[in-house]
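Here is the structure we will look at, set down as structure tokens.
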Amino acid sequence: MTSKVSSCDSFDSFRLRRLAAALAFTTAGSALAVAMAVPVHAQESTASLRGSVSGATQITAVDVATGSRRTLDVSQDGRYNFPQLRPGIYYLEITGADGQVRRTDEFTLQIAQNAELDFDDIAQEETVADPSGAPGAENVIIVTGGRLVTDEGGEVGANISQREIETLPQNNRNFLSFADLAPGVSVENPDGQSRIQGGGQNSRTVNVYIDGVGQKDYVLKNGITGQDSSQGNPFPQLAVGEYRVISSNYKAEFDQVSSVAITAGTKSGTNEFHGTAFVDYTDTGMREETPLEKFGGREKAETKDIQFGGALGGPIIEDTLFFFATYEGKRRRLPVVIEPGADFPVSFFPAELQDLFGPTQQEFNEDLYFGKISFLPTSRDVFEVSGKYRNESGVFLGNGSSAVETAASQDVDEKRFLVRWEHSGDDFVNDLKGTYESAFWSPRPQNFTPGQIYTFGGVSPVTGQNLVRPQILRIGGSANFQDKGQEGYAIQNDFTWTGFEDHTIKVGVKSKWVRLDRVEQNFFNPQYSYNVNLTPGGFNTTIPYRVQFGAGTGQGTPSVISDNWQFGVYIQDDWFVTDRLTLNLGIRWDYEETPSYLDFVTPPEVVAAVSEANYPNIYQPGVEYDINDYISDGTQRKAFTGAFQPRIGFSYEILELGKLTVFGGYGRSYDRNQFDFIAQEVSINAYSTREFNFITGDPNNTCNPSPTCVPWDPVYLTEAGRQQLLDNAGVGAGRSIRLINNDLKVPYSDQFSLGLRSDLNRLVNVEVGYRHIKSRDGFAYLLGNRRPDGSFFTPAPATPGSPFGFAPPGWGSIIIGTNGLKTDEDAFHFKLAKRYSAESPWNLAATYTYTDGTENRAFGEYFSFDFPTLDDYTVKTSSGLRKHRLVIAGAVDLPTETTISGKFVLSSPRYLNTFVRTPGGTPPVEVVTVETAGNGDRWGFRQLDLAITQNIPLNFLGDRTRVYVRADIINALNDRNYNSFNSVTGERNPNALGTDGPPRTIKLSAGFEF
């Protein structure tokens, strides 16, 4: 037995063992809040309201939509503090010392908003009768307070309102599409797949919190479940009320994130029935030609996109029990472009292969459901039960040089449930949540046949460069065969206490039991690689130089199951030091046990393979690592306990009422190691990709005769021939060794911000700011092979190369996993926001960000085989971000019941980092950075989207009843945002016609609301 991999039964017992501990921690954490006056902040999915009122004894916050009420006694010095309120429209009822109840005007609280509203001596204030005309209105007195002021502390971010979600143009109904209105955030859409990126860090460092619950993907990349290799949406847009995007310096309650944190609240039923239904449609005739269709002489690929759905919410028992439910569906056929790799023209290929290139389409289907029941039995209690179900099917191909037949299915199945009880007292609020989640991604080949990878070795007839066999075409069955996901339960409790004057104390604790699954049988379809230039002037498709195929090793099953336990605790204080100065002081600590890593036992045959007797190469003087740091008998590894994360923020009002505020902060945030990477140590011992090279006389593929380098024989194209290769080679031949550092750290970022913001009036806000973020300890795989003298590079005067041909005898290469990826960024931003109101029916948001970022490894490249250590990689300009980025979005209501909206994105070109190998050079390998050129007709990336909506009011069911028709014009200027550039010159590759984003596309919509 080489590893301790748990079963489902052990998962159940594991969960029970941890449950008592978690409940004890939860109770202790809540008690600690009362006993200590130290750091904390407001709830991710709610808002807070505080202020002062003179001449009052009691104050009640009333939610207009549901009628729910929360009442507090006003302190002796006239202060009040509501720490957790559901975002929405409120008014206050103020009871004066004279016993008279006065009502305020209505106001809106946004998600994650810390608002302040002060009142003068209400007994002396002139009041007016309620003009609403409602029953009993003549007995109600309206009192007007000061201006509602928001304290954002040291956070850098932006709120995305429900109006922006509903009115701004988009073609995917992904509510996260507008996250790039926050400084330093970009929304990327490669091949129709949305992902969020914060600065120079990769997308797996983000987290999205819905109703206060993180949606983190523990197994795959792209941050949240269902966003890896999917065109689907993480949540139905109709269910999202609004959300806040925080670029940096979030508070202590945010966990498992080191770049962008997004917190969203779901809609709930109210005392009025409201519903909506919609359908969106676009097809081939409603879009322009892609560049390949236009300039490549190809017909337009058939495309069709239908999105549809509806929502309904209302009371079951007025003021007490409510429901909300929604469904959204997608049926898409999207265009993709198949084009030769390495800028080769289609005419280079034989006639029988030329028809494989050109525009085509891929199918995608999604069904997305959400429902919620809200129960308010008393003014102090709220119970909620909600659930989401997501199902996706279709095939993924993507733009590139892989033919249609290589496509793989992309199936996603996700379930999430939340049970919540919030109880409030005179000076506390306790929020208890229980959650369940199950999210799995299961790609499969569409064709179970061997694949052929055509490469080119030699001088390119296009560019004149010497090519080292890049892929120019792939045909046959896909190598993608996986089943990966997570399933588990969690309990978390957040306790907020306001009984200590001028402090809002909050303590939170979470315990989670989650089973992580990884099944990967890639190369289930064997893949043969051919150098088409084997015979110059010809096109070789018969003699491969390599075969890769998956095979079991007899060391268990390909399924890796790890019963992880996660625990987190935080404490934080919003301390209102003076009327002008607020400090946000917090600290959190997170811990995770991953048994598949901690209990791993290195197989004896692997230990023998890397022993000094068998492989002395890595024991020579000067070798940069100690192989013993990667070998475990099941006792050497300990879970990381150093994830202490201070979070400090401040804001100081230079001018009162938020007219000028200086803000800033510092915080450390730990993310986590991706399970898909660290589980490879276990899975490759059970099912490994075997690689065999063939001696064919190809000067581009020389290898010494060995069990994995054999003379070519046509029998190796058959299953019997592949088994013959295994039988002759032995247990280790063609099988790589995958090992992880015994002292694995957890990736983190340190964030610093400083800026000025000003509420020019109650609707207009401007902000300028600077932030510095450094991320460290990112995970990567290195090549552990060394030459006989212990060196890494090919000795001069030969061109330096990595020592792939010097693996342990009878085995494939040694691949070692460790920490060391890093990024740094300095960013300046300017942000302008004008909010919508009935008196001023238009809104505008504009954000400009300049980012100077560096990295020691190209964005997203986790396999780092060009240098012996990560410290050897040159720190260069980041290739994962654009230095300049401007995003402008807005909408205006016209008197004709028409709404016009638009979004404009302009950003500078990306940078490319290219490896240059110089014979005899010092260093022998360098990384050269080049800025890519413009896109032919202009500079950088540009996209303008527009939308126009015509509302038609109806005179039944209510004053909100309407039908509407809408047209969205995506990429209205039809900009061709080309994405392929020469890695040496930075110039656009003229034969590569792939783009970021679609051509000009018109989408028509119709809907009904009441």
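Chain labels follow the order of the structure tokens: the first chain is A, the next B, and so on; residue numbering restarts at 1 in every chain, and ligands are counted from 1 in their shown order.
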I'd like the contact shell of Pro711 of chain A - 12 Å cut-off, only C-alpha atoms, skipping same-chain residues fewer than 2 positions apart - returned as a PyMOL selection string.
chain A and resi 543-546+692-698+702-709+713-716+725
Contacts of Gly451 of chain A at 10 Å (only C-alpha atoms; same-chain gap of 2+ positions) as a list in words:
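The contact residues come out as Glu405, Thr406, Asn447, Phe448, Thr449, Ile453, Tyr454, Arg474, Ile475, Gly476, Gly477, Ser478, Ala479, Phe523, Asn525, Pro526, Gln527, Tyr528, Ser529, Val547 and Gln548 of chain A.
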Can I get the selected residues back with C-alpha atoms, as a PDB file, in the first residue's frame?
ATOM      1  CA  GLU A 405     -13.019  15.112 -33.837  1.00  0.00           C
ATOM      2  CA  THR A 406     -10.677  15.776 -30.885  1.00  0.00           C
ATOM      3  CA  ASN A 447     -14.279   9.569 -30.028  1.00  0.00           C
ATOM      4  CA  PHE A 448     -12.435   6.600 -28.565  1.00  0.00           C
ATOM      5  CA  THR A 449      -9.738   6.328 -31.218  1.00  0.00           C
ATOM      6  CA  ILE A 453      -0.359  15.086 -33.243  1.00  0.00           C
ATOM      7  CA  TYR A 454       1.370  16.621 -36.238  1.00  0.00           C
ATOM      8  CA  ARG A 474      -4.146  17.369 -33.910  1.00  0.00           C
ATOM      9  CA  ILE A 475      -6.676  14.792 -35.122  1.00  0.00           C
ATOM     10  CA  GLY A 476      -8.251  11.644 -33.665  1.00  0.00           C
ATOM     11  CA  GLY A 477      -9.690  11.030 -30.208  1.00  0.00           C
ATOM     12  CA  SER A 478      -9.202  13.381 -27.273  1.00  0.00           C
ATOM     13  CA  ALA A 479      -6.747  12.525 -24.503  1.00  0.00           C
ATOM     14  CA  PHE A 523      -4.242   9.480 -22.645  1.00  0.00           C
ATOM     15  CA  ASN A 525      -6.819   7.360 -26.106  1.00  0.00           C
ATOM     16  CA  PRO A 526      -3.128   6.947 -27.048  1.00  0.00           C
ATOM     17  CA  GLN A 527      -1.559   9.958 -28.755  1.00  0.00           C
ATOM     18  CA  TYR A 528       1.051   9.551 -31.492  1.00  0.00           C
ATOM     19  CA  SER A 529       3.315  12.477 -32.409  1.00  0.00           C
ATOM     20  CA  VAL A 547       3.634   7.614 -28.361  1.00  0.00           C
ATOM     21  CA  GLN A 548       1.972   8.583 -25.080  1.00  0.00           C
TER      22      GLN A 548
END
Selected residue, from A:Tyr615, A:Phe119, A:Tyr436, A:Phe828, that lies nearest to Gly790 of chain A when counting only C-alpha atoms
A:Tyr615
Just want the 12 Å neighbourhood of Asn202 of chain A, counted on only C-alpha atoms, with same-chain residues fewer than 4 positions away dropped. Output as a PyMOL selection string.
chain A and resi 185-188+195-198+206-207+221-223+257-260+671+747+775+778-779+821-823+855+857-862+878-881
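Closest to Thr553 of chain A among A:Ala1006, A:Leu220, A:Leu181, A:Ala686 is A:Ala686, based on only C-alpha atoms.
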Check the smallest atom-to-atom distance from each of A:Asn761, A:Thr594, A:Thr689, A:Thr276 to Gly658 of chain A using only C-alpha atoms, then report the winner.
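Once distances to Gly658 of chain A are computed over only C-alpha atoms, the minimum belongs to A:Asn761.
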Which one of A:Phe364, A:Tyr389, A:Tyr369, A:Phe375 sits closest to Ser409 of chain A if you count only C-alpha atoms?
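Of A:Phe364, A:Tyr389, A:Tyr369, A:Phe375, the one nearest Ser409 of chain A is A:Phe364, counting only C-alpha atoms.
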Counting only C-alpha atoms, the option among A:Leu1004, A:Val156, A:Val213, A:Val662 closest to Gln751 of chain A
A:Val156
Residues of segment 666-823 of chain A in strand (DSSP E or B), written as a ChimeraX atom specification
/A:666-670,687-695,706,709-711,735,737-740,748-759,764-783,814-823
Straight-line distance linking atom CA of Pro809 of chain A with atom CA of Ala780 of chain A, stated in Å to one decimal
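So the answer is 25.0 Å.
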For Ser562 of chain A, find every residue with an atom within 6 Å (counting only C-alpha atoms), except residues of its own chain fewer than 6 positions away, and show them as a list in words.
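The contact residues come out as Arg515, Leu516, Pro595 and Ser596 of chain A.
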Nearby residues (only C-alpha atoms) at most 8 Å from segment 76-84 of chain A, same-chain spacing under 3 positions excluded, as a PyMOL selection string
chain A and resi 42-43+46-56+59+72-73+429+496+498+504
May I have the selected residues written with C-alpha atoms, as a PDB file, in the first residue's frame?
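In the end it all went to result_10.pdb:
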ATOM      1  CA  ALA A  42     -19.557  43.387   8.986  1.00  0.00           C
ATOM      2  CA  GLN A  43     -21.174  40.344   7.403  1.00  0.00           C
ATOM      3  CA  THR A  46     -25.511  42.007   4.742  1.00  0.00           C
ATOM      4  CA  ALA A  47     -25.140  45.699   5.559  1.00  0.00           C
ATOM      5  CA  SER A  48     -24.704  47.669   8.770  1.00  0.00           C
ATOM      6  CA  LEU A  49     -26.188  50.984   9.909  1.00  0.00           C
ATOM      7  CA  ARG A  50     -25.092  53.167  12.786  1.00  0.00           C
ATOM      8  CA  GLY A  51     -25.377  56.786  13.821  1.00  0.00           C
ATOM      9  CA  SER A  52     -26.495  59.207  16.484  1.00  0.00           C
ATOM     10  CA  VAL A  53     -29.863  60.657  17.341  1.00  0.00           C
ATOM     11  CA  SER A  54     -30.565  63.214  20.057  1.00  0.00           C
ATOM     12  CA  GLY A  55     -33.696  63.204  22.178  1.00  0.00           C
ATOM     13  CA  ALA A  56     -34.630  59.576  21.431  1.00  0.00           C
ATOM     14  CA  ILE A  59     -35.080  53.197  17.253  1.00  0.00           C
ATOM     15  CA  LEU A  72     -32.743  48.867  19.617  1.00  0.00           C
ATOM     16  CA  ASP A  73     -32.502  51.076  22.660  1.00  0.00           C
ATOM     17  CA  VAL A 429     -26.640  39.240  16.372  1.00  0.00           C
ATOM     18  CA  THR A 496     -21.617  40.241  16.321  1.00  0.00           C
ATOM     19  CA  THR A 498     -22.348  45.988  19.836  1.00  0.00           C
ATOM     20  CA  THR A 504     -18.688  46.494  16.590  1.00  0.00           C
TER      21      THR A 504
END
Taking only segment 116-363 of chain A into account, list the residues labelled alpha helix (DSSP H) by DSSP (computed from the backbone), as a PyMOL selection string.
chain A and resi 162-167+291-295+351-354
Gap from atom CA of Tyr666 of chain A to atom CA of Thr225 of chain A - Å, one decimal
28.6 Å
Report, in Å to a single decimal, how far apart atom CA of Pro236 of chain A and atom CA of Ile262 of chain A are.
15.6 Å
I'd like the neighbourhood of Gly88 of chain A as a ChimeraX atom specification, where a residue qualifies if any of its atoms comes within 9 Å (using only C-alpha atoms), though same-chain residues fewer than 6 positions away should be ignored.
/A:63-65,107-111
